[in-house]
file upload37.cif (mmCIF, C-alpha atoms)
data_upload
loop_
_atom_site.group_PDB
_atom_site.id
_atom_site.type_symbol
_atom_site.label_atom_id
_atom_site.label_comp_id
_atom_site.auth_asym_id
_atom_site.auth_seq_id
_atom_site.Cartn_x
_atom_site.Cartn_y
_atom_site.Cartn_z
ATOM 1 C CA MET W 1 0.000 0.000 0.000
ATOM 2 C CA GLN W 2 2.842 2.376 0.895
ATOM 3 C CA ARG W 3 4.579 1.677 -2.447
ATOM 4 C CA LEU W 4 1.301 2.331 -4.291
ATOM 5 C CA LYS W 5 0.880 5.635 -2.463
ATOM 6 C CA ILE W 6 4.438 6.694 -3.378
ATOM 7 C CA TRP W 7 3.858 5.722 -7.020
ATOM 8 C CA ARG W 8 0.636 7.732 -7.157
ATOM 9 C CA THR W 9 2.305 10.738 -5.539
ATOM 10 C CA SER W 10 5.229 10.569 -7.983
ATOM 11 C CA THR W 11 2.852 10.314 -10.927
ATOM 12 C CA LEU W 12 0.919 13.363 -9.780
ATOM 13 C CA LEU W 13 4.116 15.351 -9.292
ATOM 14 C CA LEU W 14 5.392 14.432 -12.757
ATOM 15 C CA SER W 15 2.037 15.325 -14.289
ATOM 16 C CA ALA W 16 2.019 18.665 -12.500
ATOM 17 C CA TYR W 17 5.599 19.346 -13.623
ATOM 18 C CA ALA W 18 4.707 18.510 -17.214
ATOM 19 C CA CYS W 19 1.969 21.132 -17.127
ATOM 20 C CA PHE W 20 4.626 23.800 -16.623
ATOM 21 C CA LEU W 21 6.946 22.597 -19.383
ATOM 22 C CA PRO W 22 6.650 24.803 -22.483
ATOM 23 C CA ALA W 23 5.210 22.956 -25.457
ATOM 24 C CA ALA W 24 7.064 23.245 -28.733
ATOM 25 C CA ALA W 25 5.541 25.479 -31.362
ATOM 26 C CA SER W 26 3.639 23.799 -34.163
ATOM 27 C CA VAL W 27 5.877 23.951 -37.245
ATOM 28 C CA VAL W 28 4.004 22.560 -40.236
ATOM 29 C CA TYR W 29 5.064 22.292 -43.863
ATOM 30 C CA ARG W 30 2.684 22.454 -46.822
ATOM 31 C CA PRO W 31 4.312 21.614 -50.164
ATOM 32 C CA ALA W 32 3.649 23.669 -53.263
ATOM 33 C CA ALA W 33 0.299 22.971 -54.892
ATOM 34 C CA GLY W 34 -1.219 24.587 -57.942
ATOM 35 C CA ASN W 35 -0.318 28.277 -57.876
ATOM 36 C CA ARG W 36 0.463 28.230 -54.148
ATOM 37 C CA PRO W 37 4.173 28.215 -53.247
ATOM 38 C CA PRO W 38 5.564 26.080 -50.408
ATOM 39 C CA GLN W 39 4.497 27.262 -46.968
ATOM 40 C CA ILE W 40 5.860 26.772 -43.457
ATOM 41 C CA SER W 41 3.528 27.746 -40.628
ATOM 42 C CA ILE W 42 4.770 28.516 -37.110
ATOM 43 C CA LYS W 43 2.120 28.624 -34.422
ATOM 44 C CA GLY W 44 2.617 28.734 -30.650
ATOM 45 C CA ASP W 45 5.457 29.567 -28.285
ATOM 46 C CA LEU W 46 9.031 29.075 -29.474
ATOM 47 C CA VAL W 47 11.238 26.606 -27.571
ATOM 48 C CA GLN W 48 14.714 25.171 -28.125
ATOM 49 C CA THR W 49 13.617 22.075 -30.060
ATOM 50 C CA ASP W 50 11.947 24.262 -32.689
ATOM 51 C CA ILE W 51 15.328 25.237 -34.168
ATOM 52 C CA GLU W 52 16.143 21.751 -35.427
ATOM 53 C CA THR W 53 12.559 21.150 -36.547
ATOM 54 C CA PHE W 54 12.473 24.359 -38.552
ATOM 55 C CA ALA W 55 15.934 23.828 -40.050
ATOM 56 C CA THR W 56 14.925 20.402 -41.380
ATOM 57 C CA ILE W 57 11.642 21.654 -42.820
ATOM 58 C CA ALA W 58 13.312 24.756 -44.278
ATOM 59 C CA GLU W 59 15.738 22.649 -46.298
ATOM 60 C CA THR W 60 12.857 20.590 -47.690
ATOM 61 C CA ALA W 61 10.923 23.747 -48.549
ATOM 62 C CA ARG W 62 13.941 25.307 -50.247
ATOM 63 C CA GLN W 63 14.422 22.286 -52.489
ATOM 64 C CA ASP W 64 10.699 22.115 -53.229
ATOM 65 C CA ALA W 65 10.596 25.813 -54.112
ATOM 66 C CA ALA W 66 13.517 25.510 -56.510
ATOM 67 C CA THR W 67 11.448 23.176 -58.681
ATOM 68 C CA PHE W 68 8.232 25.161 -58.243
ATOM 69 C CA MET W 69 9.281 28.510 -59.675
ATOM 70 C CA PRO W 70 12.500 30.281 -60.723
ATOM 71 C CA ASN W 71 12.610 32.690 -57.755
ATOM 72 C CA GLY W 72 12.160 29.884 -55.195
ATOM 73 C CA LEU W 73 9.437 31.624 -53.168
ATOM 74 C CA VAL W 74 8.636 30.134 -49.732
ATOM 75 C CA ASN W 75 6.137 31.709 -47.331
ATOM 76 C CA VAL W 76 6.579 31.420 -43.555
ATOM 77 C CA THR W 77 3.279 32.230 -41.829
ATOM 78 C CA LEU W 78 3.407 33.335 -38.201
ATOM 79 C CA ASP W 79 0.877 33.159 -35.377
ATOM 80 C CA SER W 80 2.779 33.224 -32.095
ATOM 81 C CA ARG W 81 2.903 34.976 -28.731
ATOM 82 C CA GLY W 82 6.693 34.667 -28.787
ATOM 83 C CA GLY W 83 8.753 32.433 -26.542
ATOM 84 C CA ASN W 84 12.515 31.973 -26.370
ATOM 85 C CA ILE W 85 14.188 34.988 -27.950
ATOM 86 C CA TRP W 86 17.412 33.097 -28.750
ATOM 87 C CA VAL W 87 15.367 30.473 -30.603
ATOM 88 C CA ALA W 88 13.580 33.229 -32.520
ATOM 89 C CA MET W 89 16.845 34.792 -33.660
ATOM 90 C CA SER W 90 18.294 31.402 -34.657
ATOM 91 C CA ILE W 91 15.237 30.567 -36.766
ATOM 92 C CA GLY W 92 15.212 34.113 -38.114
ATOM 93 C CA ARG W 93 18.719 33.699 -39.465
ATOM 94 C CA ILE W 94 17.636 30.530 -41.280
ATOM 95 C CA ILE W 95 14.705 32.432 -42.783
ATOM 96 C CA ARG W 96 17.041 35.157 -44.027
ATOM 97 C CA LYS W 97 19.660 32.666 -45.254
ATOM 98 C CA TYR W 98 17.104 31.123 -47.607
ATOM 99 C CA SER W 99 15.407 34.441 -48.470
ATOM 100 C CA PHE W 100 12.012 33.181 -47.288
ATOM 101 C CA MET W 101 9.017 35.512 -47.025
ATOM 102 C CA THR W 102 7.285 36.062 -43.671
ATOM 103 C CA ARG W 103 3.560 36.674 -43.264
ATOM 104 C CA VAL W 104 1.161 37.480 -40.436
ATOM 105 C CA GLU W 105 -2.186 36.693 -41.982
ATOM 106 C CA VAL W 106 -5.518 38.302 -41.117
ATOM 107 C CA GLY W 107 -6.683 36.959 -37.749
ATOM 108 C CA ALA W 108 -3.159 35.979 -36.653
ATOM 109 C CA SER W 109 -0.902 37.692 -34.111
ATOM 110 C CA CYS W 110 2.872 38.021 -33.914
ATOM 111 C CA VAL W 111 4.006 39.216 -30.505
ATOM 112 C CA SER W 112 7.235 39.511 -28.535
ATOM 113 C CA ALA W 113 9.961 37.145 -29.845
ATOM 114 C CA CYS W 114 7.821 36.332 -32.900
ATOM 115 C CA VAL W 115 8.636 39.789 -34.256
ATOM 116 C CA TYR W 116 12.244 38.663 -34.740
ATOM 117 C CA LEU W 117 10.925 36.004 -37.130
ATOM 118 C CA LEU W 118 8.823 38.547 -39.006
ATOM 119 C CA ALA W 119 11.837 40.853 -39.297
ATOM 120 C CA ALA W 120 13.878 38.111 -40.975
ATOM 121 C CA GLY W 121 11.683 37.800 -44.053
ATOM 122 C CA GLU W 122 13.127 38.864 -47.374
ATOM 123 C CA GLY W 123 9.606 40.157 -47.942
ATOM 124 C CA ARG W 124 7.185 40.841 -45.079
ATOM 125 C CA TYR W 125 3.385 41.011 -45.127
ATOM 126 C CA VAL W 126 1.174 41.887 -42.151
ATOM 127 C CA GLY W 127 -2.582 41.458 -42.254
ATOM 128 C CA GLY W 128 -2.963 40.586 -38.562
ATOM 129 C CA ARG W 129 -1.623 42.169 -35.376
ATOM 130 C CA VAL W 130 1.992 42.754 -34.369
ATOM 131 C CA GLY W 131 2.990 43.627 -30.811
ATOM 132 C CA ILE W 132 6.387 44.438 -29.330
ATOM 133 C CA HIS W 133 7.948 44.803 -25.892
ATOM 134 C CA ARG W 134 11.272 44.544 -24.122
ATOM 135 C CA PRO W 135 12.516 40.940 -23.805
ATOM 136 C CA TYR W 136 12.108 39.176 -20.482
ATOM 137 C CA LEU W 137 15.238 38.519 -18.468
ATOM 138 C CA PRO W 138 15.862 34.765 -18.170
ATOM 139 C CA ASN W 139 14.656 33.143 -14.958
ATOM 140 C CA ASP W 140 17.956 31.408 -14.212
ATOM 141 C CA GLY W 141 18.391 32.136 -10.525
ATOM 142 C CA VAL W 142 20.512 35.251 -10.963
ATOM 143 C CA THR W 143 19.583 37.670 -8.194
ATOM 144 C CA SER W 144 22.338 40.272 -7.808
ATOM 145 C CA ALA W 145 21.745 43.687 -9.331
ATOM 146 C CA ARG W 146 25.112 43.594 -11.102
ATOM 147 C CA ALA W 147 24.381 40.218 -12.727
ATOM 148 C CA LYS W 148 20.898 41.325 -13.781
ATOM 149 C CA LYS W 149 22.364 44.481 -15.304
ATOM 150 C CA ALA W 150 24.897 42.406 -17.250
ATOM 151 C CA GLN W 151 22.116 40.134 -18.545
ATOM 152 C CA TYR W 152 20.042 43.108 -19.620
ATOM 153 C CA GLU W 153 22.960 44.732 -21.423
ATOM 154 C CA GLY W 154 23.750 41.455 -23.193
ATOM 155 C CA ILE W 155 20.179 40.998 -24.424
ATOM 156 C CA ASN W 156 20.014 44.651 -25.409
ATOM 157 C CA ALA W 157 23.204 44.425 -27.480
ATOM 158 C CA GLN W 158 22.361 41.140 -29.199
ATOM 159 C CA THR W 159 18.801 42.078 -30.138
ATOM 160 C CA ARG W 160 19.986 45.434 -31.481
ATOM 161 C CA GLN W 161 22.674 43.705 -33.544
ATOM 162 C CA TYR W 162 20.151 41.187 -34.884
ATOM 163 C CA LEU W 163 17.691 43.845 -36.047
ATOM 164 C CA GLU W 164 20.507 45.796 -37.692
ATOM 165 C CA GLU W 165 21.605 42.569 -39.394
ATOM 166 C CA MET W 166 18.072 42.256 -40.788
ATOM 167 C CA GLY W 167 18.220 45.809 -42.086
ATOM 168 C CA LEU W 168 15.628 47.293 -39.738
ATOM 169 C CA PRO W 169 15.949 50.779 -38.231
ATOM 170 C CA LYS W 170 17.302 51.462 -34.754
ATOM 171 C CA SER W 171 13.992 53.115 -33.908
ATOM 172 C CA LEU W 172 12.302 49.682 -33.769
ATOM 173 C CA HIS W 173 14.749 48.411 -31.172
ATOM 174 C CA GLU W 174 14.433 51.633 -29.198
ATOM 175 C CA ARG W 175 10.640 51.307 -29.123
ATOM 176 C CA MET W 176 10.933 47.685 -27.999
ATOM 177 C CA MET W 177 13.254 48.554 -25.141
ATOM 178 C CA ARG W 178 10.947 51.336 -23.948
ATOM 179 C CA THR W 179 7.991 48.956 -23.635
ATOM 180 C CA PRO W 180 7.905 46.976 -20.345
ATOM 181 C CA PRO W 181 8.083 43.186 -20.778
ATOM 182 C CA ASP W 182 4.710 42.725 -19.081
ATOM 183 C CA GLY W 183 3.011 45.047 -21.585
ATOM 184 C CA VAL W 184 2.490 45.007 -25.352
ATOM 185 C CA ASN W 185 2.776 47.900 -27.779
ATOM 186 C CA TRP W 186 0.474 47.015 -30.672
ATOM 187 C CA LEU W 187 1.812 48.627 -33.830
ATOM 188 C CA SER W 188 -0.353 50.562 -36.255
ATOM 189 C CA ALA W 189 -0.093 50.135 -40.015
ATOM 190 C CA GLN W 190 1.905 53.365 -40.177
ATOM 191 C CA GLU W 191 4.319 52.168 -37.479
ATOM 192 C CA LEU W 192 4.747 48.785 -39.153
ATOM 193 C CA SER W 193 5.748 50.561 -42.339
ATOM 194 C CA ALA W 194 8.028 53.051 -40.567
ATOM 195 C CA PHE W 195 9.812 50.245 -38.703
ATOM 196 C CA GLY W 196 10.285 48.228 -41.893
ATOM 197 C CA LEU W 197 8.109 45.331 -40.756
ATOM 198 C CA THR W 198 6.103 45.435 -43.971
ATOM 199 C CA LYS W 199 8.157 44.999 -47.099
ATOM 200 C CA MET W 200 6.653 43.694 -50.288
ATOM 201 C CA ILE W 201 8.927 42.135 -52.879
ATOM 202 C CA PRO W 202 8.028 43.043 -56.467
ATOM 203 C CA PRO W 203 7.560 40.144 -58.878
ATOM 204 C CA PRO W 204 10.529 39.293 -61.087
ATOM 205 C CA PRO W 205 10.634 41.393 -64.264
ATOM 206 C CA LYS W 206 9.201 39.892 -67.407
ATOM 207 C CA PRO W 207 11.616 39.175 -70.240
ATOM 208 C CA ALA W 208 11.974 42.090 -72.615
ATOM 209 C CA SER W 209 9.892 41.802 -75.742
ATOM 210 C CA LEU W 210 11.893 41.055 -78.847
ATOM 211 C CA GLY W 211 9.309 42.753 -81.056
ATOM 212 C CA PRO W 212 7.835 41.382 -84.250
ATOM 213 C CA PRO W 213 10.067 39.254 -86.433
ATOM 214 C CA VAL W 214 11.912 41.102 -89.171
ATOM 215 C CA THR W 215 11.538 39.647 -92.614
ATOM 216 C CA GLY W 216 13.687 40.360 -95.629
ATOM 217 C CA SER W 217 12.449 41.911 -98.858
ATOM 218 C CA PRO W 218 10.823 39.457 -101.246
#
call {"tool": "encode", "arguments": {"input": "upload37.cif", "output": "structure tokens"}}
result
Amino acid sequence: MQRLKIWRTSTLLLSAYACFLPAAASVVYRPAAGNRPPQISIKGDLVQTDIETFATIAETARQDAATFMPNGLVNVTLDSRGGNIWVAMSIGRIIRKYSFMTRVEVGASCVSACVYLLAAGEGRYVGGRVGIHRPYLPNDGVTSARAKKAQYEGINAQTRQYLEEMGLPKSLHERMMRTPPDGVNWLSAQELSAFGLTKMIPPPPKPASLGPPVTGSP
């Protein structure tokens, strides 16, 4: 009876612990079909395991896109409250490496760390909502004011460098850092444009017309 009670207690504790473990984001790939290019959708909070998942899917999408159309278009659709900022920047660099497009469709939201994914798109479309704030400091047991200050300065420097790497203005990072981590600054259409978070890529130019054939005199 005692062993059964211990087993039940352990099971309950493990179940309770599992409830607090962050679930990986849903990363789903849809191959090209008809006139629709390949699409990768990211939904949910970003965690460490999402990097490898996305990298594998991204390579498949890149190869698929190369056979679908000459410019190799791949859309990455986003609907996420954020998550691990280091994961977001790692995935963002993969997005930029392959020149994927990023999209926040109507009805979707891209908040917090998700914005670093949006920023990575070679082209960026926003039909939904985008919200920014200052990143959370990691909950890693650091308590001293000096250590917290060092953490903050490190996050500040690396996020600023990342956004500059993606070609976005310093004003976006400044606005992020002015917004408390427990709040959200929802960006207007004008702000999205000013911060460079909407960037449409024009279609590839059509081949120049050669004109009517020239015939010789009879």
call {"tool": "atom_distance", "arguments": {"input": "upload37.cif", "atom1": "atom CA of Ser193 of chain W", "atom2": "atom CA of Val27 of chain W"}}
result
27.1 Å
call {"tool": "atom_distance", "arguments": {"input": "upload37.cif", "atom1": "atom CA of Glu164 of chain W", "atom2": "atom CA of Ala108 of chain W"}}
result
25.6 Å
call {"tool": "resolve_selection", "arguments": {"input": "upload37.cif", "expression": "the PyMOL selection byres ((chain W and resi 196) around 12)", "output": "number ranges by chain"}}
result
W: 115, 118-126, 163-164, 166-173, 187, 189-195, 197-200
call {"tool": "atom_distance", "arguments": {"input": "upload37.cif", "atom1": "atom CA of Gly72 of chain W", "atom2": "atom CA of Arg93 of chain W"}}
result
17.5 Å
call {"tool": "resolve_selection", "arguments": {"input": "upload37.cif", "expression": "the PyMOL selection byres ((chain W and resi 185) around 8)", "output": "count of residues only"}}
result
8
call {"tool": "closest_residue", "arguments": {"input": "upload37.cif", "among": "W:Ala88, W:Val74, W:Val104, W:Ala113", "to": "Gln48 of chain W", "atoms": "only C-alpha atoms"}}
result
W:Ala88
call {"tool": "closest_residue", "arguments": {"input": "upload37.cif", "among": "W:Arg62, W:Arg134, W:Arg81, W:Arg129", "to": "Ser99 of chain W", "atoms": "only C-alpha atoms"}}
result
W:Arg62
call {"tool": "resolve_selection", "arguments": {"input": "upload37.cif", "expression": "the PyMOL selection byres ((chain W and resi 63) around 12)", "output": "PyMOL selection string"}}
result
chain W and resi 31-32+37-38+56-62+64-74+98
call {"tool": "write_last_selection", "arguments": {"input": "upload37.cif", "atoms": "C-alpha atoms", "output": "PDB file, in the coordinates of the input"}}
result
ATOM      1  CA  PRO W  31       4.312  21.614 -50.164  1.00  0.00           C
ATOM      2  CA  ALA W  32       3.649  23.669 -53.263  1.00  0.00           C
ATOM      3  CA  PRO W  37       4.173  28.215 -53.247  1.00  0.00           C
ATOM      4  CA  PRO W  38       5.564  26.080 -50.408  1.00  0.00           C
ATOM      5  CA  THR W  56      14.925  20.402 -41.380  1.00  0.00           C
ATOM      6  CA  ILE W  57      11.642  21.654 -42.820  1.00  0.00           C
ATOM      7  CA  ALA W  58      13.312  24.756 -44.278  1.00  0.00           C
ATOM      8  CA  GLU W  59      15.738  22.649 -46.298  1.00  0.00           C
ATOM      9  CA  THR W  60      12.857  20.590 -47.690  1.00  0.00           C
ATOM     10  CA  ALA W  61      10.923  23.747 -48.549  1.00  0.00           C
ATOM     11  CA  ARG W  62      13.941  25.307 -50.247  1.00  0.00           C
ATOM     12  CA  ASP W  64      10.699  22.115 -53.229  1.00  0.00           C
ATOM     13  CA  ALA W  65      10.596  25.813 -54.112  1.00  0.00           C
ATOM     14  CA  ALA W  66      13.517  25.510 -56.510  1.00  0.00           C
ATOM     15  CA  THR W  67      11.448  23.176 -58.681  1.00  0.00           C
ATOM     16  CA  PHE W  68       8.232  25.161 -58.243  1.00  0.00           C
ATOM     17  CA  MET W  69       9.281  28.510 -59.675  1.00  0.00           C
ATOM     18  CA  PRO W  70      12.500  30.281 -60.723  1.00  0.00           C
ATOM     19  CA  ASN W  71      12.610  32.690 -57.755  1.00  0.00           C
ATOM     20  CA  GLY W  72      12.160  29.884 -55.195  1.00  0.00           C
ATOM     21  CA  LEU W  73       9.437  31.624 -53.168  1.00  0.00           C
ATOM     22  CA  VAL W  74       8.636  30.134 -49.732  1.00  0.00           C
ATOM     23  CA  TYR W  98      17.104  31.123 -47.607  1.00  0.00           C
TER      24      TYR W  98
END
call {"tool": "closest_residue", "arguments": {"input": "upload37.cif", "among": "W:Ala55, W:Ala147, W:Ile95, W:Leu117", "to": "Ser80 of chain W", "atoms": "only C-alpha atoms"}}
result
W:Leu117
call {"tool": "closest_residue", "arguments": {"input": "upload37.cif", "among": "W:Thr49, W:Ser112, W:Ser188, W:Gln158", "to": "Met176 of chain W", "atoms": "only C-alpha atoms"}}
result
W:Ser112
